[in-house]
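Structure data (mmCIF, C-alpha atoms and all ligand atoms) from my_file_17.cif:
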```cif
data_start
#
loop_
_atom_site.label_atom_id
_atom_site.label_comp_id
_atom_site.auth_asym_id
_atom_site.auth_seq_id
_atom_site.Cartn_x
_atom_site.Cartn_y
_atom_site.Cartn_z
CA MET A 228 118.54 110.45 90.50
CA SER A 229 120.63 107.79 88.84
CA GLY A 230 119.99 106.59 85.29
CA GLU A 231 117.76 103.60 84.71
CA ARG A 232 119.40 100.21 84.61
CA ILE A 233 118.10 97.87 82.00
CA VAL A 234 118.42 94.24 82.82
CA SER A 235 118.82 92.48 79.50
CA GLY A 236 116.89 89.39 78.53
CA SER A 237 119.81 87.10 79.34
CA GLU A 238 120.45 88.68 82.74
CA GLU A 239 116.75 88.43 83.41
CA ARG A 240 116.98 84.64 83.36
CA GLY A 241 118.86 85.04 86.63
CA PHE A 242 115.64 85.96 88.43
CA SER A 243 114.71 83.04 90.56
CA PRO A 244 112.32 83.16 93.48
CA HIS A 245 114.88 81.15 95.44
CA GLU A 246 117.58 83.80 95.26
CA SER A 247 117.88 86.35 98.03
CA ARG A 248 116.24 89.71 97.65
CA LEU A 249 118.09 92.71 96.21
CA GLU A 250 118.98 95.79 98.25
CA LEU A 251 116.77 98.84 97.66
CA GLU A 252 119.72 100.81 96.25
CA GLU A 253 120.07 98.17 93.53
CA CYS A 254 116.47 98.72 92.43
CA LEU A 255 115.84 102.44 92.73
CA ASP A 256 115.03 104.14 89.41
CA HIS A 257 115.62 100.92 87.51
CA VAL A 258 113.56 99.23 84.83
CA PHE A 259 113.75 95.45 85.15
CA CYS A 260 113.03 93.28 82.15
CA GLY A 261 111.25 90.08 83.09
CA ASP A 262 108.12 88.47 84.42
CA ALA A 263 106.54 90.63 87.13
CA CYS A 264 105.99 87.69 89.48
CA GLN A 265 109.62 86.57 89.29
CA VAL A 266 111.14 90.03 89.58
CA LEU A 267 108.85 91.02 92.46
CA ALA A 268 110.09 88.00 94.39
CA ARG A 269 113.59 89.55 94.25
CA LEU A 270 112.67 93.09 95.30
CA PRO A 271 113.20 94.07 98.95
CA GLU A 272 110.22 93.58 101.24
CA GLN A 273 108.36 96.65 102.55
CA SER A 274 110.36 98.95 100.31
CA VAL A 275 107.88 100.84 98.14
CA GLN A 276 105.28 103.39 99.20
CA CYS A 277 102.77 102.84 96.45
CA LEU A 278 101.99 100.67 93.47
CA VAL A 279 100.49 102.33 90.41
CA THR A 280 99.78 99.88 87.63
CA SER A 281 97.65 98.82 84.71
CA PRO A 282 98.08 95.08 84.11
CA PRO A 283 97.16 93.69 80.70
CA TYR A 284 93.39 93.31 80.49
CA PHE A 285 91.86 89.90 79.94
CA GLY A 286 91.78 88.95 76.25
CA HIS A 287 92.41 92.47 74.94
CA ARG A 288 95.67 92.38 73.05
CA VAL A 289 98.99 90.62 72.64
CA TYR A 290 101.94 92.64 73.92
CA THR A 291 104.96 90.41 73.36
CA GLN A 292 106.40 89.96 69.87
CA HIS A 293 107.07 86.26 70.30
CA GLU A 294 104.60 84.09 72.12
CA ASN A 295 105.64 84.26 75.75
CA PRO A 296 103.90 81.96 78.24
CA GLN A 297 104.68 84.46 81.00
CA GLU A 298 102.55 87.15 79.38
CA ILE A 299 99.41 87.87 81.37
CA GLY A 300 96.12 88.42 79.55
CA ARG A 301 96.34 85.61 76.99
CA GLU A 302 94.61 82.99 79.15
CA THR A 303 91.54 81.32 77.64
CA ALA A 304 89.53 81.33 80.84
CA VAL A 305 88.89 84.51 82.78
CA THR A 306 89.34 82.59 86.04
CA ASP A 307 92.91 81.63 85.04
CA TYR A 308 93.65 85.25 84.21
CA ILE A 309 92.35 86.40 87.58
CA GLU A 310 94.40 83.79 89.47
CA ARG A 311 97.63 84.76 87.68
CA LEU A 312 97.06 88.43 88.31
CA ILE A 313 96.25 87.79 91.95
CA ARG A 314 99.49 85.78 92.34
CA CYS A 315 101.50 88.71 90.98
CA LEU A 316 99.72 91.24 93.17
CA SER A 317 100.33 89.04 96.21
CA GLN A 318 104.06 89.15 95.42
CA ALA A 319 103.78 92.91 95.08
CA ARG A 320 102.10 93.10 98.48
CA GLN A 321 105.29 91.86 100.12
CA VAL A 322 107.28 94.63 98.46
CA LEU A 323 104.78 97.28 99.58
CA ARG A 324 105.25 99.03 102.93
CA ASP A 325 102.59 98.33 105.55
CA ASP A 326 101.30 101.91 105.17
CA GLY A 327 101.39 101.65 101.37
CA THR A 328 98.66 101.76 98.74
CA LEU A 329 97.84 99.99 95.49
CA TRP A 330 96.28 102.00 92.65
CA LEU A 331 95.03 99.37 90.21
CA ASN A 332 93.65 100.32 86.82
CA LEU A 333 91.56 97.62 85.14
CA GLY A 334 89.21 97.61 82.19
CA ASP A 335 86.52 95.06 81.47
CA THR A 336 85.95 92.64 78.61
CA TYR A 337 82.93 91.37 76.68
CA ARG A 338 82.72 87.72 75.65
CA LYS A 339 79.92 86.98 73.16
CA GLY A 340 78.14 90.13 74.26
CA VAL A 341 78.43 89.33 77.97
CA LEU A 342 80.31 91.72 80.23
CA GLN A 343 82.76 89.69 82.32
CA GLY A 344 82.93 91.97 85.36
CA VAL A 345 86.68 91.40 85.56
CA PRO A 346 87.65 94.54 87.54
CA TRP A 347 85.24 93.77 90.37
CA ARG A 348 86.07 90.07 90.38
CA VAL A 349 89.74 90.95 90.84
CA ALA A 350 88.89 93.60 93.45
CA LEU A 351 86.80 91.23 95.53
CA ARG A 352 89.47 88.51 95.38
CA LEU A 353 92.00 91.06 96.65
CA CYS A 354 89.66 91.98 99.51
CA GLY A 355 89.53 88.30 100.44
CA LEU A 356 93.34 88.32 100.66
CA GLY A 357 93.55 91.17 103.15
CA TRP A 358 93.68 94.21 100.89
CA VAL A 359 91.35 97.00 102.05
CA LEU A 360 89.33 98.60 99.25
CA ARG A 361 89.27 102.36 99.82
CA SER A 362 87.86 103.75 96.59
CA ASP A 363 86.48 102.67 93.21
CA ILE A 364 87.49 105.60 91.05
CA ILE A 365 85.88 105.84 87.63
CA TRP A 366 88.27 106.87 84.90
CA GLN A 367 85.88 108.51 82.46
CA LYS A 368 87.31 108.82 78.94
CA PRO A 369 85.84 111.79 77.06
CA ASN A 370 87.54 110.59 73.84
CA ALA A 371 86.73 106.87 74.18
CA MET A 372 86.59 104.92 70.92
CA PRO A 373 83.11 104.58 69.42
CA ALA A 374 81.79 101.00 69.34
CA SER A 375 79.42 99.50 66.78
CA VAL A 376 76.90 98.28 69.36
CA THR A 377 73.18 98.98 69.41
CA THR A 378 72.06 96.72 72.25
CA ARG A 379 73.88 98.47 75.08
CA PRO A 380 75.66 101.75 75.83
CA THR A 381 79.19 102.30 74.53
CA PRO A 382 81.70 101.89 77.38
CA ASP A 383 83.67 105.02 78.15
CA HIS A 384 85.08 104.22 81.56
CA GLU A 385 87.53 101.99 83.38
CA TYR A 386 88.14 101.39 87.07
CA LEU A 387 90.98 102.69 89.16
CA PHE A 388 90.80 100.91 92.51
CA LEU A 389 92.55 102.33 95.53
CA PHE A 390 93.52 99.66 98.07
CA SER A 391 95.46 100.02 101.26
CA LYS A 392 97.52 97.19 102.62
CA GLY A 393 96.10 97.68 106.11
CA GLY A 394 94.30 100.03 108.48
CA GLU A 395 96.68 102.99 108.54
CA TYR A 396 98.04 104.23 105.27
CA TYR A 397 99.75 107.21 103.68
CA TYR A 398 97.30 109.40 101.76
CA ASP A 399 97.91 113.11 101.14
CA ALA A 400 94.41 114.45 100.42
CA ASP A 401 95.65 118.05 100.29
CA ALA A 402 98.02 117.25 97.43
CA ILE A 403 95.11 116.47 95.09
CA ARG A 404 92.30 118.79 96.12
CA GLU A 405 90.05 120.12 93.33
CA PRO A 406 88.64 123.62 92.86
CA HIS A 407 85.37 124.28 94.69
CA VAL A 408 82.43 124.38 92.32
CA THR A 409 79.40 125.03 94.57
CA PHE A 410 80.31 128.56 95.53
CA SER A 411 82.51 131.13 93.92
CA GLU A 412 85.42 132.66 95.80
CA ASN A 413 83.35 135.79 96.04
CA SER A 414 80.24 134.22 97.57
CA LYS A 415 82.42 132.19 99.91
CA MET A 416 84.02 135.33 101.27
CA ARG A 417 80.75 137.24 101.45
CA GLY A 418 78.92 134.40 103.13
CA GLY A 419 81.29 133.36 105.83
CA ARG A 420 84.55 135.19 106.18
CA ARG A 421 84.18 135.40 109.95
CA HIS A 422 83.68 131.68 110.22
CA PHE A 423 86.18 130.45 107.72
CA GLY A 424 88.43 127.90 109.36
CA LEU A 425 86.59 128.26 112.69
CA ARG A 426 84.42 125.70 114.42
CA ASP A 427 80.81 126.30 115.45
CA GLY A 428 80.12 128.88 112.81
CA THR A 429 77.59 129.23 110.01
CA PRO A 430 77.73 131.75 107.15
CA GLU A 431 76.47 135.10 108.37
CA GLN A 432 75.29 136.43 104.99
CA GLY A 433 74.19 135.39 101.55
CA LYS A 434 72.06 132.49 100.43
CA ASN A 435 73.67 130.12 102.96
CA ALA A 436 73.27 132.41 105.93
CA GLY A 437 72.66 130.34 109.06
CA ASN A 438 72.75 127.06 107.13
CA MET A 439 73.51 124.40 109.71
CA ASN A 440 74.59 122.03 106.96
CA LEU A 441 77.64 124.21 106.72
CA HIS A 442 78.19 124.07 110.45
CA HIS A 443 81.84 123.94 111.64
CA ALA A 444 83.48 120.82 110.17
CA ARG A 445 81.25 120.81 107.11
CA TRP A 446 81.88 124.48 106.59
CA ASP A 447 85.63 123.98 106.82
CA GLN A 448 85.41 121.10 104.40
CA ALA A 449 83.16 122.90 101.93
CA PHE A 450 85.50 125.86 101.82
CA HIS A 451 88.83 124.26 102.51
CA PRO A 452 91.39 126.85 101.38
CA LYS A 453 93.17 124.31 99.16
CA GLY A 454 89.96 123.19 97.43
CA ARG A 455 87.43 120.43 97.92
CA ASN A 456 88.36 116.83 98.51
CA LYS A 457 89.09 114.91 95.30
CA ARG A 458 86.01 113.18 93.86
CA THR A 459 85.73 109.64 92.50
CA VAL A 460 84.90 110.32 88.83
CA TRP A 461 88.00 111.46 86.98
CA PRO A 462 87.40 112.63 83.40
CA VAL A 463 90.77 112.20 81.66
CA PRO A 464 91.24 111.88 77.88
CA LEU A 465 93.15 108.83 76.64
CA GLY A 466 96.88 109.41 76.30
CA LYS A 467 98.86 109.26 73.08
CA CYS A 468 102.30 107.77 72.59
CA ARG A 469 103.34 107.44 68.94
CA GLU A 470 105.96 104.82 69.74
CA ALA A 471 103.71 102.45 71.72
CA HIS A 472 101.26 100.15 69.94
CA PHE A 473 98.86 100.17 72.89
CA ALA A 474 97.00 102.61 75.10
CA VAL A 475 99.39 104.16 77.57
CA PHE A 476 98.42 105.74 80.87
CA PRO A 477 97.49 109.40 80.44
CA GLU A 478 99.91 111.27 82.71
CA LYS A 479 96.96 113.21 84.18
CA LEU A 480 95.36 109.95 85.33
CA ILE A 481 98.26 108.82 87.46
CA GLU A 482 99.52 112.18 88.72
CA PRO A 483 96.94 112.24 91.56
CA CYS A 484 97.78 108.62 92.50
CA ILE A 485 101.45 109.47 92.88
CA LEU A 486 100.91 112.83 94.58
CA ALA A 487 98.47 111.39 97.13
CA GLY A 488 100.03 107.94 97.47
CA CYS A 489 103.72 108.74 97.80
CA PRO A 490 105.67 111.54 99.52
CA ARG A 491 108.54 113.27 97.69
CA LYS A 492 111.58 110.96 97.49
CA GLY A 493 109.39 107.96 98.25
CA VAL A 494 109.24 104.98 95.88
CA VAL A 495 106.55 104.17 93.30
CA LEU A 496 106.45 100.71 91.71
CA ASP A 497 104.79 99.65 88.45
CA PRO A 498 105.17 95.90 87.79
CA PHE A 499 103.54 96.24 84.32
CA LEU A 500 105.44 99.31 83.17
CA GLY A 501 104.70 99.18 79.41
CA SER A 502 106.01 102.36 77.84
CA GLY A 503 107.17 103.74 81.19
CA THR A 504 104.53 106.37 81.99
CA THR A 505 104.53 105.64 85.74
CA GLY A 506 108.33 106.07 85.86
CA MET A 507 108.11 109.33 83.88
CA VAL A 508 105.49 110.88 86.16
CA ALA A 509 107.19 109.65 89.34
CA LYS A 510 110.51 111.13 88.23
CA ARG A 511 108.92 114.43 87.18
CA LEU A 512 107.19 114.70 90.57
CA GLY A 513 110.38 113.98 92.55
CA ARG A 514 109.64 110.37 93.51
CA HIS A 515 111.82 107.32 92.92
CA PHE A 516 110.41 104.57 90.74
CA VAL A 517 110.91 100.87 90.10
CA GLY A 518 109.53 99.38 86.89
CA ILE A 519 109.10 95.85 85.59
CA GLU A 520 108.20 94.97 82.00
CA LEU A 521 108.23 91.64 80.19
CA GLU A 522 108.76 92.79 76.60
CA PRO A 523 112.35 93.99 75.92
CA GLU A 524 111.18 96.41 73.21
CA TYR A 525 108.96 98.23 75.72
CA VAL A 526 111.75 98.20 78.30
CA GLU A 527 113.87 100.16 75.80
CA LEU A 528 110.98 102.51 75.08
CA ALA A 529 110.37 103.07 78.80
CA ARG A 530 114.06 103.79 79.36
CA ARG A 531 114.06 106.40 76.57
CA ARG A 532 110.86 108.07 77.76
CA ILE A 533 111.91 108.17 81.42
CA GLY A 534 115.39 109.40 80.47
CA SER A 535 113.87 112.41 78.66
CA VAL A 536 112.07 113.65 81.79
CA GLN A 537 113.45 116.22 84.21
CA PRO A 538 112.22 116.50 87.83
CA GLU A 539 110.03 119.60 88.27
CA LEU A 540 111.84 120.56 91.49
CA PRO A 541 115.49 120.00 92.41
CA TRP A 542 116.08 116.93 94.59
C1 LIG B 1 98.38 97.81 79.80
S1 LIG B 1 100.09 97.67 79.45
C2 LIG B 1 100.78 98.89 80.52
C3 LIG B 1 100.83 100.24 79.88
C4 LIG B 1 101.48 101.27 80.79
N1 LIG B 1 100.60 101.67 81.86
C5 LIG B 1 101.90 102.50 80.00
O1 LIG B 1 101.57 103.64 80.36
O2 LIG B 1 102.59 102.32 78.99
C6 LIG B 1 100.54 96.17 80.25
C7 LIG B 1 102.01 95.78 80.09
O3 LIG B 1 102.24 94.58 80.87
C8 LIG B 1 103.23 93.82 80.17
N2 LIG B 1 103.19 92.43 80.68
C9 LIG B 1 102.41 91.38 80.30
N3 LIG B 1 102.66 90.29 81.04
C10 LIG B 1 103.65 90.63 81.91
C11 LIG B 1 104.36 89.93 82.93
N4 LIG B 1 104.09 88.65 83.21
N5 LIG B 1 105.30 90.60 83.62
C12 LIG B 1 105.59 91.92 83.35
N6 LIG B 1 104.97 92.62 82.38
C13 LIG B 1 104.01 92.00 81.67
C14 LIG B 1 102.87 93.98 78.70
O4 LIG B 1 103.99 93.72 77.85
C15 LIG B 1 102.42 95.45 78.66
O5 LIG B 1 103.48 96.30 78.29
#
```
Would you put the structure from the file into C-alpha cells?
Amino acid sequence: MSGERIVSGSEERGFSPHESRLELEECLDHVFCGDACQVLARLPEQSVQCLVTSPPYFGHRVYTQHENPQEIGRETAVTDYIERLIRCLSQARQVLRDDGTLWLNLGDTYRKGVLQGVPWRVALRLCGLGWVLRSDIIWQKPNAMPASVTTRPTPDHEYLFLFSKGGEYYYDADAIREPHVTFSENSKMRGGRRHFGLRDGTPEQGKNAGNMNLHHARWDQAFHPKGRNKRTVWPVPLGKCREAHFAVFPEKLIEPCILAGCPRKGVVLDPFLGSGTTGMVAKRLGRHFVGIELEPEYVELARRRIGSVQPELPW
C-alpha cells in the first residue's frame, strides 16, 4: 500500500466541482485536506465499496482552529445543519458503488432540554433521497460521561445507521458473527449433532429435543458454526486518542462495518476523517482507504496515525 498523500491547504484550493474527476489510483490510501463536499465532487464515481463516517454533530464542538465557514456543525438552525450534511452525503453517494453501503454514526443534541432527534431526521431525509435504511445499530457506551440531569435518563448511546445505495448490496454477515449465547457448545452437540447443518431436523436430545422452533433453517441459524448473526446493540467503550481534542471512533466500533461492508482490497471512504481512525482500521484489515478532513492539523494527525499501522495480513 502506498503512503498517504497529504494535499496541503494551498493545493486544496484547487478543488472545484467544475474540474474533472480524479482517477482512482490518484486517490487510493490518500488523505485529502479540504471541504468534504468539494473533494467528493472530484473523486471518481462508483469507486468505493463502503462509507464509514462520523460527521460533526449539530452544535457539539468546534473543530477548526480558525473560524471556517465550510465546517459542518456550527449552523444555528438544526434544519440548516441537516441540509448541509445531506448535500455532502449526496455527493458521497455518487462516489459509492451501486452495491455499496453507508455506515453513518450520528449522536443527538439537546437544545434547552429538548432532544432534537437529529439522527432520525437525517436518516429519514436520506430515505427520501433513495438510500435504503437496513439497520439502526445502537452504539452503547459503557463508559459514557455522566450528565448532571435529574429530569431524564443520562444518554449513553448513539446511532450507527446502515444504508445501502440500492436493492442488492455487499454485506459479509459471516465476517462479523458473534458467539452463540443461548446454548453452550456442549449442549449444542448433545442436542443436535445429527441435524447440524441439515434441513428438516430437530434436536434429538436435551431440553430442545423435538423443538420445531429449531426446525431446519432456524436450527442452522441458531447453531451456525461461525456464530450467530450480529445483533443491533453494540456495547463498545469510547476510544481514547491523547493527541485528538475530540472523541475519536473506537476501533472496535468500526471494525465490523469494514469487515462486513468491504471485501479485502476494496475501498473504504471517510469524508470526515478526523484523527484518521477509519483509515487505520481499513489499512490494518487489508482494505484501501480514502480520507477527507477539513482541518490541516487533523490531516497531519491522521497521516501519522495511519502511517504507524501495519496490515494484519500481507497484501
Ligand atoms: C466527529 S469528527 C470525526 C472523528 C473521526 N471519526 C475520528 O475517529 O477521529 C468530525 C470531523 O469532521 C471534520 N469536518 C468538519 N466539517 C468538515 C467539512 N466540511 N469537510 C470535511 N471535514 C469536516 C472536523 O474537523 C472533524 O475532524
All residues 9 Å or closer to Trp542 (chain A), all atoms listed in the file, same chain fewer than 4 positions away omitted, as a ChimeraX atom specification: /A:228,491-492,513,538
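Using all atoms listed in the file for every distance, the candidate list A:Gln265, A:Thr328, A:Ser317, A:Gln537 yields A:Gln265 as the residue closest to ligand LIG 1 (chain B).
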Environment of ligand LIG 1 (chain B) within 7 Å, counting all atoms listed in the file, reported as a PyMOL selection string: chain A and resi 261-264+280-284+290-291+297-300+474-476+498-505+519-522+525
Tyr337 (chain A) environment, 12 Å, all atoms listed in the file, sequence neighbours closer than 6 positions dropped, as a PyMOL selection string: chain A and resi 284-287+305+343-345+376+379+381-382
Minimum-distance residue to Pro452 (chain A), chosen among A:Arg361, A:Ser375, A:Ser274, A:Glu405 (using only C-alpha atoms): A:Glu405
Neighbours of point (86.7, 108.8, 91.2) within 10 Å, using only C-alpha atoms, written as a ChimeraX atom specification: /A:362-367,386-389,457-462
Option closest in space to Leu496 (chain A), from A:Val408, A:Ala319, A:Leu512, A:Ala371 [counting only C-alpha atoms]: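 Closest candidate: A:Ala319.
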Counting only C-alpha atoms, the option among A:Glu478, A:Asp399, A:Glu524, A:Glu252 closest to Met507 (chain A): A:Glu478
Minimum-distance residue to Leu251 (chain A), chosen among A:Phe516, A:Gly393, A:Pro380, A:Glu310 (using only C-alpha atoms):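 Looking only at the distances to Leu251 (chain A), the closest residue turns out to be A:Phe516.
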Each residue of region 264-285 of chain A with at least one atom at most 10 Å from region 480-488 of chain A should appear once, together with its nearest atom pair and the corresponding distance in Å (one decimal); atoms considered: all atoms listed in the file; ordering: chain, then increasing residue number; output as a tab-separated table.
```
residue	atom	partner	partner_atom	distance
A:Gln276	CA	A:Gly488	CA	7.2
A:Cys277	CA	A:Gly488	CA	5.9
A:Leu278	CA	A:Gly488	CA	8.5
A:Val279	CA	A:Cys484	CA	7.2
A:Thr280	CA	A:Ile481	CA	9.1
```
Point-to-point distance in Å for CA of Val258 (chain A) and CA of His384 (chain A): 29.1 Å
Å distance separating CA of Arg532 (chain A) from CA of Arg324 (chain A), one decimal place: 27.3 Å
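For the pair CA of Leu270 (chain A) and CA of Asp335 (chain A), the interatomic distance is 29.6 Å.
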Pick from A:His515, A:Lys510, A:Lys368, A:Arg404 nearest to Leu465 (chain A), counting all atoms listed in the file: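 Checking each of A:His515, A:Lys510, A:Lys368, A:Arg404 against Leu465 (chain A), counting all atoms listed in the file, the winner is A:Lys368.
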Please provide as a short mmCIF file (atom, residue, chain, number, x, y, z; two decimals) with C-alpha atoms, in the frame of the given file all residues within 8 Å of Gly506 (chain A), with the sequence filter that same-chain residues fewer than 6 positions apart are discarded (counting all atoms listed in the file).
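around03.cif written:
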```cif
data_model
loop_
_atom_site.label_atom_id
_atom_site.label_comp_id
_atom_site.auth_asym_id
_atom_site.auth_seq_id
_atom_site.Cartn_x
_atom_site.Cartn_y
_atom_site.Cartn_z
CA ASP A 256 115.03 104.14 89.41
CA VAL A 495 106.55 104.17 93.30
CA ASP A 497 104.79 99.65 88.45
CA LEU A 500 105.44 99.31 83.17
CA HIS A 515 111.82 107.32 92.92
CA PHE A 516 110.41 104.57 90.74
CA VAL A 517 110.91 100.87 90.10
CA GLY A 518 109.53 99.38 86.89
CA ALA A 529 110.37 103.07 78.80
CA ILE A 533 111.91 108.17 81.42
#
```
